[in-house]
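J.: The structure under discussion is supplied below as structure tokens; questions concerning it will follow.
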Amino acid sequence: MAENCNKDKRSGNVCNQHQTRLEHICDLNIDKSPSDIKKTGIICTIGPACDSIEMIDKLIQKGMRICRLNMVHSSEEYYVKVIENIRNVVAKSYEQNQVAIAIDITGPGARIGKFKSDIGNCITLKTGNKMLFTCDKKYEVNCDRKRVYVDQPEFFNIAEVGDLIFIEDGPLSLKVLEKHDSTTLICQVDNGGDMANFHQCHIPKKLPGKPVLTQRDKDAIAFALDNEVDMILASWVWCSSIIQSIRLELGTKADAVHVIAKIQNHEGVLNFDEILKVSDGILVGRGDLGIDIPGEKVFLAQKMMIGKANSAGKPVICAAQMLDSMVNNPRPTRAEASDVANAVLDGIDCIMLSRETAIGTNPVKVVETLSAICREAESVAFTDSVFRELQLQTPKPVGKTHTTAIAAVEAASKSKASAILVVTTSGRSAAMIAKYRPSCIIIAITRVPETARYLHLFRGVYPMLYSEPCCAEWIDDIDKRIHTALLMAQSKGFVAVNDSVVLVTGWSAGSGHTNTLRLITVPILTNNMESRPSLVKLVDVKSNPDI
């Protein structure tokens, strides 16, 4: 039994199997150690608190796999240096695993400008204070305690006397008292709070702007292309045409740069189905969403979006105030820890940290804490139930890659495999397997760096970049890749000798041929490739008369 539980700790399987979710919940044990393997992706916003080579290295060690750059908060020159730091760290220590880079573009959302240097980055407004909002460009970097610049002219067109303007996620809100010529709003603070450089302004239930890209967004997309960024997080996506506009702007690179839609308002929730169809993934922006819809409705929107993204097999990210108290404190609140755990149990693929890492006092501790919470939640997820439900929802017939993915997850469950090992070019087969939420880790071996980075979006996928020279025979090359992946998996404690592992490969070189599944027992492995046992070659019956 102890040996089985050690294996379960490696794979993420639970030792006891239950027929129902209620039985499973009743058997939870707070003294039981979680799996050693974290499956949920961690996205960290890179800012002044963690932009050095040393800090980036520490964040990766603790579990960060995607670096987010919020383009509105600094100059392109600053982010070029940050990207250089990230890539230097990866080249030195993480070439095999890779780390993805995502940029955040503002979309049609409105933001204030920058305060004068003698004021600082932030001011505090008290209830009853007056504030003038203007679109006059001369105040863009000269905001003060009485007047702030807002960068979207459309914001002034939709604002009306009596509206409440919320700054960021609150609590600061201002009531519009007067409106002058669609260029100026005179407001009074309704609820006090802080206002900082580039904070968002939002009027509930009013669309933030037309579904077109601003010049600022186009410049950010050009920056992404110039610097070979992997993903774009598009803010304030409330209709599918915003995503389509981004793809048009990406041009020939539209398939290489993955576009994630951030759902932050009521309209985005209403149009979610059409947005999901055209996006590469979804980000649930709960902070802004909680301004646009009643706070007690946010969890409903979150669960709905996670469920639909899971059903579609597209990655879904949860963001906003995940561990916000850790900006200044060494521990999260109990509510935050439970919130993160419940997001993981709901089926989230990644969790994004914002202020916690960008400006927090201890970003490394935040990531370490988040990783620990995720491992605890993943260890008690009732994955067999999720697998059955997803199978029931899947329209039939399905293609060969899809069929192989389902069979791989079924085989892993029946054999209690420690890992599913998939050889992939595009990443599609690994993503398809991830959709069905196996309880064990998915090791995706690829020769394509972009694929390795993209797969960090999917829960349970551990991508491995294989960069050794190609063998003359394709089957020998596959054998070497699998052998190398198993060595890596052993070194990290994912698998051990005599564990079961499910192998998923294609029948020929290239993308789109995944249709082969094998169940193997992990042999004793060495670094000597010449003496390695063959793991994928079929036995020749003619040369083996004993068979």
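Each chain in the structure tokens gets a letter, A, B, ..., in the order shown, and its residues are numbered from 1; ligands are numbered from 1 in order too.
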If you count only C-alpha atoms, which residues fall within 7 Å of Val501 (chain A), apart from same-chain ones fewer than 2 positions away, as a PyMOL selection string?
T.: chain A and resi 417-420+499+503+519-522
J.: If you run DSSP over the backbone, which residues in region 423-520 of chain A end up strand (DSSP E)? Put them as a short mmCIF file (atom, residue, chain, number, x, y, z; two decimals) with all heavy atoms, in the first residue's frame.
T.:
data_model
loop_
_atom_site.label_atom_id
_atom_site.label_comp_id
_atom_site.auth_asym_id
_atom_site.auth_seq_id
_atom_site.Cartn_x
_atom_site.Cartn_y
_atom_site.Cartn_z
N VAL A 423 4.61 12.66 -27.90
CA VAL A 423 5.53 13.30 -28.85
C VAL A 423 4.69 14.19 -29.76
O VAL A 423 3.75 13.71 -30.39
CB VAL A 423 6.31 12.25 -29.67
CG1 VAL A 423 7.24 12.94 -30.66
CG2 VAL A 423 7.09 11.32 -28.76
N ILE A 441 0.53 13.47 -14.75
CA ILE A 441 1.12 14.54 -15.53
C ILE A 441 1.23 14.14 -17.00
O ILE A 441 1.35 12.95 -17.33
CB ILE A 441 2.50 14.93 -14.96
CG1 ILE A 441 2.97 16.26 -15.55
CG2 ILE A 441 3.53 13.82 -15.20
CD1 ILE A 441 4.17 16.85 -14.83
N ILE A 442 1.18 15.13 -17.90
CA ILE A 442 1.36 14.92 -19.34
C ILE A 442 2.72 15.51 -19.72
O ILE A 442 2.93 16.72 -19.59
CB ILE A 442 0.25 15.60 -20.16
CG1 ILE A 442 -1.13 15.14 -19.70
CG2 ILE A 442 0.44 15.36 -21.65
CD1 ILE A 442 -2.24 16.12 -20.06
N ILE A 443 3.64 14.68 -20.15
CA ILE A 443 4.96 15.17 -20.58
C ILE A 443 4.93 15.28 -22.10
O ILE A 443 4.75 14.28 -22.80
CB ILE A 443 6.08 14.22 -20.12
CG1 ILE A 443 6.07 14.09 -18.59
CG2 ILE A 443 7.44 14.73 -20.60
CD1 ILE A 443 6.97 13.00 -18.06
N ALA A 444 5.07 16.50 -22.61
CA ALA A 444 4.98 16.75 -24.05
C ALA A 444 6.37 17.02 -24.60
O ALA A 444 7.00 18.01 -24.24
CB ALA A 444 4.05 17.93 -24.32
N ILE A 445 6.86 16.14 -25.45
CA ILE A 445 8.20 16.29 -26.03
C ILE A 445 8.05 16.90 -27.42
O ILE A 445 7.32 16.38 -28.26
CB ILE A 445 8.91 14.93 -26.19
CG1 ILE A 445 8.62 14.04 -25.00
CG2 ILE A 445 10.40 15.11 -26.40
CD1 ILE A 445 8.65 12.59 -25.32
N THR A 446 8.75 18.00 -27.66
CA THR A 446 8.65 18.67 -28.95
C THR A 446 10.00 19.23 -29.37
O THR A 446 10.84 19.55 -28.53
CB THR A 446 7.60 19.80 -28.90
OG1 THR A 446 7.48 20.40 -30.20
CG2 THR A 446 7.98 20.87 -27.88
N VAL A 461 0.20 19.85 -18.27
CA VAL A 461 1.18 19.59 -19.33
C VAL A 461 2.55 20.11 -18.90
O VAL A 461 2.69 21.28 -18.52
CB VAL A 461 0.76 20.25 -20.66
CG1 VAL A 461 1.82 20.00 -21.73
CG2 VAL A 461 -0.59 19.71 -21.12
N TYR A 462 3.54 19.24 -18.98
CA TYR A 462 4.93 19.62 -18.70
C TYR A 462 5.68 19.52 -20.02
O TYR A 462 6.10 18.44 -20.44
CB TYR A 462 5.54 18.70 -17.66
CG TYR A 462 6.90 19.17 -17.17
CD1 TYR A 462 7.03 19.95 -16.04
CD2 TYR A 462 8.05 18.83 -17.86
CE1 TYR A 462 8.26 20.39 -15.59
CE2 TYR A 462 9.30 19.26 -17.44
CZ TYR A 462 9.40 20.04 -16.29
OH TYR A 462 10.63 20.48 -15.87
N PRO A 463 5.87 20.65 -20.74
CA PRO A 463 6.54 20.58 -22.04
C PRO A 463 8.05 20.42 -21.89
O PRO A 463 8.66 20.96 -20.96
CB PRO A 463 6.19 21.92 -22.69
CG PRO A 463 5.83 22.83 -21.56
CD PRO A 463 5.36 21.99 -20.43
N MET A 464 8.63 19.68 -22.81
CA MET A 464 10.08 19.48 -22.82
C MET A 464 10.60 19.71 -24.23
O MET A 464 10.16 19.06 -25.19
CB MET A 464 10.44 18.07 -22.37
CG MET A 464 11.92 17.86 -22.12
SD MET A 464 12.35 16.12 -22.01
CE MET A 464 13.08 15.87 -23.61
N LEU A 465 11.52 20.66 -24.38
CA LEU A 465 12.10 20.95 -25.69
C LEU A 465 13.25 20.00 -25.95
O LEU A 465 14.21 19.93 -25.16
CB LEU A 465 12.58 22.40 -25.73
CG LEU A 465 13.20 22.87 -27.06
CD1 LEU A 465 12.15 22.84 -28.18
CD2 LEU A 465 13.78 24.26 -26.92
N SER A 500 4.11 2.46 -14.61
CA SER A 500 3.46 2.43 -15.92
C SER A 500 3.44 3.83 -16.51
O SER A 500 3.20 4.81 -15.80
CB SER A 500 2.02 1.92 -15.80
OG SER A 500 2.00 0.57 -15.40
N VAL A 501 3.70 3.92 -17.80
CA VAL A 501 3.65 5.18 -18.54
C VAL A 501 2.93 4.94 -19.85
O VAL A 501 3.18 3.93 -20.53
CB VAL A 501 5.06 5.76 -18.80
CG1 VAL A 501 5.01 6.93 -19.77
CG2 VAL A 501 5.71 6.21 -17.49
N VAL A 502 2.04 5.85 -20.22
CA VAL A 502 1.34 5.77 -21.50
C VAL A 502 2.11 6.59 -22.53
O VAL A 502 2.38 7.78 -22.30
CB VAL A 502 -0.10 6.30 -21.38
CG1 VAL A 502 -0.80 6.27 -22.74
CG2 VAL A 502 -0.89 5.47 -20.37
N LEU A 503 2.49 5.96 -23.65
CA LEU A 503 3.17 6.66 -24.74
C LEU A 503 2.17 6.98 -25.85
O LEU A 503 1.40 6.11 -26.26
CB LEU A 503 4.29 5.80 -25.34
CG LEU A 503 5.47 5.41 -24.46
CD1 LEU A 503 6.50 4.64 -25.30
CD2 LEU A 503 6.12 6.65 -23.86
N VAL A 504 2.20 8.22 -26.32
CA VAL A 504 1.34 8.64 -27.44
C VAL A 504 2.24 9.22 -28.52
O VAL A 504 2.97 10.19 -28.29
CB VAL A 504 0.30 9.69 -26.99
CG1 VAL A 504 -0.55 10.12 -28.17
CG2 VAL A 504 -0.57 9.13 -25.88
N THR A 505 2.21 8.62 -29.70
CA THR A 505 3.05 9.06 -30.82
C THR A 505 2.24 9.05 -32.11
O THR A 505 1.08 8.66 -32.13
CB THR A 505 4.28 8.15 -30.99
OG1 THR A 505 3.83 6.82 -31.30
CG2 THR A 505 5.14 8.11 -29.73
N GLY A 506 2.90 9.45 -33.20
CA GLY A 506 2.29 9.38 -34.52
C GLY A 506 2.82 8.18 -35.28
O GLY A 506 3.68 7.45 -34.79
N THR A 514 -1.00 11.81 -35.11
CA THR A 514 -1.08 11.11 -33.82
C THR A 514 -2.19 10.07 -33.83
O THR A 514 -3.36 10.41 -33.98
CB THR A 514 -1.32 12.12 -32.68
OG1 THR A 514 -0.26 13.08 -32.67
CG2 THR A 514 -1.37 11.42 -31.34
N ASN A 515 -1.80 8.80 -33.70
CA ASN A 515 -2.82 7.73 -33.68
C ASN A 515 -2.32 6.46 -32.99
O ASN A 515 -2.96 5.42 -33.08
CB ASN A 515 -3.26 7.39 -35.11
CG ASN A 515 -2.18 6.67 -35.89
OD1 ASN A 515 -1.02 6.68 -35.49
ND2 ASN A 515 -2.55 6.07 -37.01
N THR A 516 -1.17 6.55 -32.29
CA THR A 516 -0.56 5.35 -31.73
C THR A 516 -0.41 5.48 -30.22
O THR A 516 0.11 6.48 -29.73
CB THR A 516 0.82 5.09 -32.37
OG1 THR A 516 0.67 5.05 -33.78
CG2 THR A 516 1.41 3.78 -31.88
N LEU A 517 -0.85 4.45 -29.49
CA LEU A 517 -0.80 4.47 -28.03
C LEU A 517 -0.15 3.18 -27.55
O LEU A 517 -0.47 2.09 -28.03
CB LEU A 517 -2.22 4.60 -27.49
CG LEU A 517 -2.43 4.71 -25.98
CD1 LEU A 517 -3.68 5.52 -25.73
CD2 LEU A 517 -2.56 3.33 -25.33
N ARG A 518 0.80 3.32 -26.63
CA ARG A 518 1.44 2.15 -26.02
C ARG A 518 1.46 2.32 -24.51
O ARG A 518 1.64 3.44 -24.02
CB ARG A 518 2.88 1.99 -26.51
CG ARG A 518 3.03 1.64 -27.98
CD ARG A 518 4.51 1.61 -28.34
NE ARG A 518 4.74 1.17 -29.70
CZ ARG A 518 4.70 1.98 -30.77
NH1 ARG A 518 4.40 3.26 -30.59
NH2 ARG A 518 4.93 1.52 -31.98
N LEU A 519 1.36 1.24 -23.79
CA LEU A 519 1.52 1.25 -22.34
C LEU A 519 2.83 0.53 -22.04
O LEU A 519 2.99 -0.65 -22.40
CB LEU A 519 0.35 0.53 -21.67
CG LEU A 519 0.30 0.60 -20.15
CD1 LEU A 519 0.13 2.03 -19.67
CD2 LEU A 519 -0.84 -0.26 -19.61
N ILE A 520 3.79 1.24 -21.43
CA ILE A 520 5.09 0.64 -21.15
C ILE A 520 5.37 0.67 -19.65
O ILE A 520 4.75 1.41 -18.89
CB ILE A 520 6.23 1.38 -21.89
CG1 ILE A 520 6.39 2.81 -21.34
CG2 ILE A 520 5.99 1.40 -23.39
CD1 ILE A 520 7.71 3.46 -21.71
#
J.: Identify which of the residues A:Arg331, A:Lys206, A:Lys308, A:Arg447 lies closest to Phe166 (chain A), counting only C-alpha atoms when measuring atom-to-atom distances.
T.: A:Lys206
J.: So, counting only C-alpha atoms, which residue among A:Thr40, A:Thr357, A:Asn121, A:Gln302 is closest to His199 (chain A)?
T.: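 Distance minimum relative to His199 (chain A) lands on A:Asn121.
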J.: Need to verify the contact set: Leu174 (chain A), 7 Å, only C-alpha atoms, exclusion of same-chain residues closer than 2 positions in sequence. Can you return it as a PDB file with N, CA, C and O atoms, in the first residue's frame?
T.:
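The resulting file, around-v3.pdb, is shown below:
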ATOM      1  N   LEU A 164     -21.668  56.642 -12.041  1.00  0.00           N
ATOM      2  CA  LEU A 164     -20.543  56.376 -11.142  1.00  0.00           C
ATOM      3  C   LEU A 164     -19.364  55.862 -11.948  1.00  0.00           C
ATOM      4  O   LEU A 164     -19.512  54.943 -12.765  1.00  0.00           O
ATOM      5  N   ILE A 165     -18.207  56.471 -11.762  1.00  0.00           N
ATOM      6  CA  ILE A 165     -16.977  56.030 -12.411  1.00  0.00           C
ATOM      7  C   ILE A 165     -16.139  55.287 -11.370  1.00  0.00           C
ATOM      8  O   ILE A 165     -15.800  55.847 -10.326  1.00  0.00           O
ATOM      9  N   PHE A 166     -15.816  54.042 -11.657  1.00  0.00           N
ATOM     10  CA  PHE A 166     -14.988  53.256 -10.750  1.00  0.00           C
ATOM     11  C   PHE A 166     -13.537  53.266 -11.240  1.00  0.00           C
ATOM     12  O   PHE A 166     -13.271  53.143 -12.442  1.00  0.00           O
ATOM     13  N   LEU A 172     -12.407  53.078  -4.866  1.00  0.00           N
ATOM     14  CA  LEU A 172     -12.558  54.471  -5.289  1.00  0.00           C
ATOM     15  C   LEU A 172     -13.604  54.591  -6.395  1.00  0.00           C
ATOM     16  O   LEU A 172     -13.515  53.927  -7.436  1.00  0.00           O
ATOM     17  N   VAL A 176     -20.455  61.557 -11.567  1.00  0.00           N
ATOM     18  CA  VAL A 176     -20.402  62.643 -12.553  1.00  0.00           C
ATOM     19  C   VAL A 176     -21.440  63.702 -12.191  1.00  0.00           C
ATOM     20  O   VAL A 176     -22.645  63.422 -12.156  1.00  0.00           O
ATOM     21  N   CYS A 187     -16.454  65.700 -11.489  1.00  0.00           N
ATOM     22  CA  CYS A 187     -16.912  64.589 -10.658  1.00  0.00           C
ATOM     23  C   CYS A 187     -16.659  64.876  -9.179  1.00  0.00           C
ATOM     24  O   CYS A 187     -15.804  65.688  -8.815  1.00  0.00           O
ATOM     25  N   GLN A 188     -17.397  64.153  -8.350  1.00  0.00           N
ATOM     26  CA  GLN A 188     -17.205  64.220  -6.908  1.00  0.00           C
ATOM     27  C   GLN A 188     -16.979  62.805  -6.381  1.00  0.00           C
ATOM     28  O   GLN A 188     -17.657  61.860  -6.808  1.00  0.00           O
ATOM     29  N   VAL A 189     -16.012  62.675  -5.475  1.00  0.00           N
ATOM     30  CA  VAL A 189     -15.684  61.353  -4.931  1.00  0.00           C
ATOM     31  C   VAL A 189     -16.865  60.831  -4.121  1.00  0.00           C
ATOM     32  O   VAL A 189     -17.307  61.466  -3.165  1.00  0.00           O
ATOM     33  N   ASP A 190     -17.382  59.682  -4.546  1.00  0.00           N
ATOM     34  CA  ASP A 190     -18.508  59.045  -3.863  1.00  0.00           C
ATOM     35  C   ASP A 190     -18.010  58.115  -2.759  1.00  0.00           C
ATOM     36  O   ASP A 190     -18.618  58.008  -1.707  1.00  0.00           O
ATOM     37  N   ASN A 191     -16.898  57.436  -3.059  1.00  0.00           N
ATOM     38  CA  ASN A 191     -16.259  56.567  -2.065  1.00  0.00           C
ATOM     39  C   ASN A 191     -14.756  56.716  -2.209  1.00  0.00           C
ATOM     40  O   ASN A 191     -14.212  56.557  -3.308  1.00  0.00           O
TER      41      ASN A 191
END
J.: Counting only C-alpha atoms, what is within 9 Å of region 336-342 of chain A, bar same-chain residues fewer than 2 positions away, as a PyMOL selection string?
T.: chain A and resi 318+321-325+332-334+344-347+351+369-370+373-378
J.: What would the file look like if the residues just selected were written as a CSV table (one decimal), in the first residue's frame with N, CA and C atoms?
T.:
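Contents of result-v5.csv, freshly written:
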chain,number,residue,atom,x,y,z
A,318,CYS,N,-7.6,32.3,-14.4
A,318,CYS,CA,-8.3,33.1,-13.4
A,318,CYS,C,-7.4,34.2,-12.9
A,321,GLN,N,-6.9,39.7,-7.8
A,321,GLN,CA,-7.0,39.6,-6.4
A,321,GLN,C,-6.9,38.1,-5.9
A,322,MET,N,-6.1,37.3,-6.6
A,322,MET,CA,-5.9,35.9,-6.2
A,322,MET,C,-5.3,35.8,-4.8
A,323,LEU,N,-4.1,36.6,-4.6
A,323,LEU,CA,-3.5,36.6,-3.3
A,323,LEU,C,-3.1,38.1,-3.0
A,324,ASP,N,-4.1,38.9,-3.2
A,324,ASP,CA,-3.8,40.4,-3.2
A,324,ASP,C,-3.2,40.9,-1.8
A,325,SER,N,-3.6,40.2,-0.7
A,325,SER,CA,-3.1,40.7,0.6
A,325,SER,C,-1.6,40.5,0.7
A,332,PRO,N,-1.3,34.8,2.9
A,332,PRO,CA,-2.6,35.2,2.3
A,332,PRO,C,-3.7,35.1,3.4
A,333,THR,N,-4.8,35.7,3.1
A,333,THR,CA,-6.0,35.5,4.0
A,333,THR,C,-6.5,34.1,3.7
A,334,ARG,N,-7.3,33.6,4.7
A,334,ARG,CA,-7.9,32.2,4.5
A,334,ARG,C,-8.9,32.2,3.3
A,344,VAL,N,-9.1,26.1,-8.8
A,344,VAL,CA,-8.4,24.9,-9.3
A,344,VAL,C,-9.4,23.8,-9.4
A,345,LEU,N,-10.2,23.6,-8.4
A,345,LEU,CA,-11.2,22.5,-8.4
A,345,LEU,C,-12.3,22.7,-9.4
A,346,ASP,N,-12.6,24.0,-9.8
A,346,ASP,CA,-13.5,24.3,-10.8
A,346,ASP,C,-13.0,23.9,-12.2
A,347,GLY,N,-11.7,23.8,-12.4
A,347,GLY,CA,-11.1,23.4,-13.6
A,347,GLY,C,-10.2,24.4,-14.3
A,351,ILE,N,-3.4,30.4,-13.2
A,351,ILE,CA,-3.7,31.5,-12.3
A,351,ILE,C,-2.7,32.6,-12.5
A,369,THR,N,3.7,30.2,-2.3
A,369,THR,CA,2.4,30.0,-1.6
A,369,THR,C,1.4,29.5,-2.6
A,370,LEU,N,1.3,30.2,-3.7
A,370,LEU,CA,0.3,29.8,-4.7
A,370,LEU,C,0.5,28.4,-5.2
A,373,ILE,N,-0.8,25.9,-2.6
A,373,ILE,CA,-2.3,25.8,-2.6
A,373,ILE,C,-2.8,25.0,-3.8
A,374,CYS,N,-2.2,25.3,-5.0
A,374,CYS,CA,-2.6,24.5,-6.2
A,374,CYS,C,-2.3,23.0,-6.0
A,375,ARG,N,-1.2,22.7,-5.5
A,375,ARG,CA,-0.9,21.2,-5.3
A,375,ARG,C,-1.9,20.6,-4.4
A,376,GLU,N,-2.3,21.3,-3.3
A,376,GLU,CA,-3.3,20.7,-2.4
A,376,GLU,C,-4.6,20.5,-3.1
A,377,ALA,N,-5.0,21.5,-3.9
A,377,ALA,CA,-6.3,21.4,-4.5
A,377,ALA,C,-6.3,20.3,-5.6
A,378,GLU,N,-5.2,20.3,-6.4
A,378,GLU,CA,-5.1,19.3,-7.5
A,378,GLU,C,-5.1,17.9,-6.9
J.: So, with only C-alpha atoms as the atoms that count, which of A:Leu207, A:Leu125, A:Val422, A:Cys135 lies closest to Ile167 (chain A)?
T.: A:Leu125
J.: Select, from A:Ile282, A:Leu421, A:Leu535, A:Met432, the residue with the minimum atom-to-atom distance to Thr401 (chain A), counting only C-alpha atoms.
T.: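 Under the stated criterion, the closest residue is A:Met432.
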J.: Give me the residues within 8 Å of Asp169 (chain A) as a list in words, counting only C-alpha atoms and dropping any in the same chain fewer than 3 places off.
T.: Phe166, Gly287, Asp288, Gly290 and Ile291 of chain A
J.: Residues as selected, all heavy atoms, written as a short mmCIF file (atom, residue, chain, number, x, y, z; two decimals), in the first residue's frame, can you do that?
T.:
data_model
loop_
_atom_site.label_atom_id
_atom_site.label_comp_id
_atom_site.auth_asym_id
_atom_site.auth_seq_id
_atom_site.Cartn_x
_atom_site.Cartn_y
_atom_site.Cartn_z
N PHE A 166 -15.82 54.04 -11.66
CA PHE A 166 -14.99 53.26 -10.75
C PHE A 166 -13.54 53.27 -11.24
O PHE A 166 -13.27 53.14 -12.44
CB PHE A 166 -15.49 51.82 -10.66
CG PHE A 166 -16.74 51.67 -9.83
CD1 PHE A 166 -17.99 51.89 -10.40
CD2 PHE A 166 -16.65 51.34 -8.49
CE1 PHE A 166 -19.14 51.76 -9.63
CE2 PHE A 166 -17.80 51.21 -7.72
CZ PHE A 166 -19.04 51.42 -8.28
N GLY A 287 -11.88 41.14 -11.23
CA GLY A 287 -11.89 42.45 -10.57
C GLY A 287 -12.81 43.43 -11.26
O GLY A 287 -13.74 43.99 -10.66
N ASP A 288 -12.58 43.66 -12.55
CA ASP A 288 -13.41 44.58 -13.31
C ASP A 288 -14.82 44.02 -13.49
O ASP A 288 -15.80 44.77 -13.50
CB ASP A 288 -12.78 44.84 -14.68
CG ASP A 288 -11.41 45.48 -14.55
OD1 ASP A 288 -11.31 46.57 -13.95
OD2 ASP A 288 -10.42 44.88 -15.00
N GLY A 290 -16.46 42.36 -11.39
CA GLY A 290 -17.19 42.59 -10.16
C GLY A 290 -17.70 44.02 -10.01
O GLY A 290 -18.51 44.30 -9.13
N ILE A 291 -17.23 44.93 -10.88
CA ILE A 291 -17.77 46.29 -10.94
C ILE A 291 -18.97 46.34 -11.88
O ILE A 291 -19.96 47.01 -11.63
CB ILE A 291 -16.69 47.28 -11.42
CG1 ILE A 291 -15.50 47.31 -10.44
CG2 ILE A 291 -17.27 48.67 -11.60
CD1 ILE A 291 -15.84 47.77 -9.05
#
J.: Quick check, in Å to one decimal: how far apart do CA of Ser426 (chain A) and CA of Val259 (chain A) lie?
T.: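 Value for the CA of Ser426 (chain A)-CA of Val259 (chain A) distance: 16.2 Å.
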J.: Residues at most 10 Å from Leu486 (chain A), counting only C-alpha atoms, excluding those fewer than 2 positions away in the same chain, as a list in words?
T.: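 Once the adjacent positions are removed, what remains is Ala419, Leu421, Ile443, Lys480, Arg481, Ile482, His483, Thr484, Met488, Ala489, Gln490, Ser491, Lys492, Phe494, Val495, Ala496, Val497, Val501, Val522, Pro523 and Leu525 of chain A.
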J.: Skip Ile246 (chain A) itself and residues of its chain fewer than 3 positions away, then list as an MDAnalysis selection string all residues within 10 Å of it, counting only C-alpha atoms.
T.: chainID A and resid 107 212:213 217:218 221 232 234 241:243 249:251 254 259
J.: What is the CA of Met231 (chain A)-CA of Ala405 (chain A) distance in Å, reported with one decimal?
T.: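 So the answer is 25.0 Å.
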J.: Name the residues of region 171-401 of chain A that fall into alpha helix (DSSP H) according to DSSP on the backbone, using the chain letters and numbers of this document, as a count of residues only.
T.: 104
J.: CA of Pro211 (chain A) and CA of Arg147 (chain A), how far apart in Å?
T.: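 Value for the CA of Arg147 (chain A)-CA of Pro211 (chain A) distance: 27.8 Å.
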J.: Ranking A:Thr451, A:Asn29, A:Asn328, A:Gln215 by minimum distance to Val99 (chain A) and counting only C-alpha atoms, which one comes first?
T.: A:Thr451
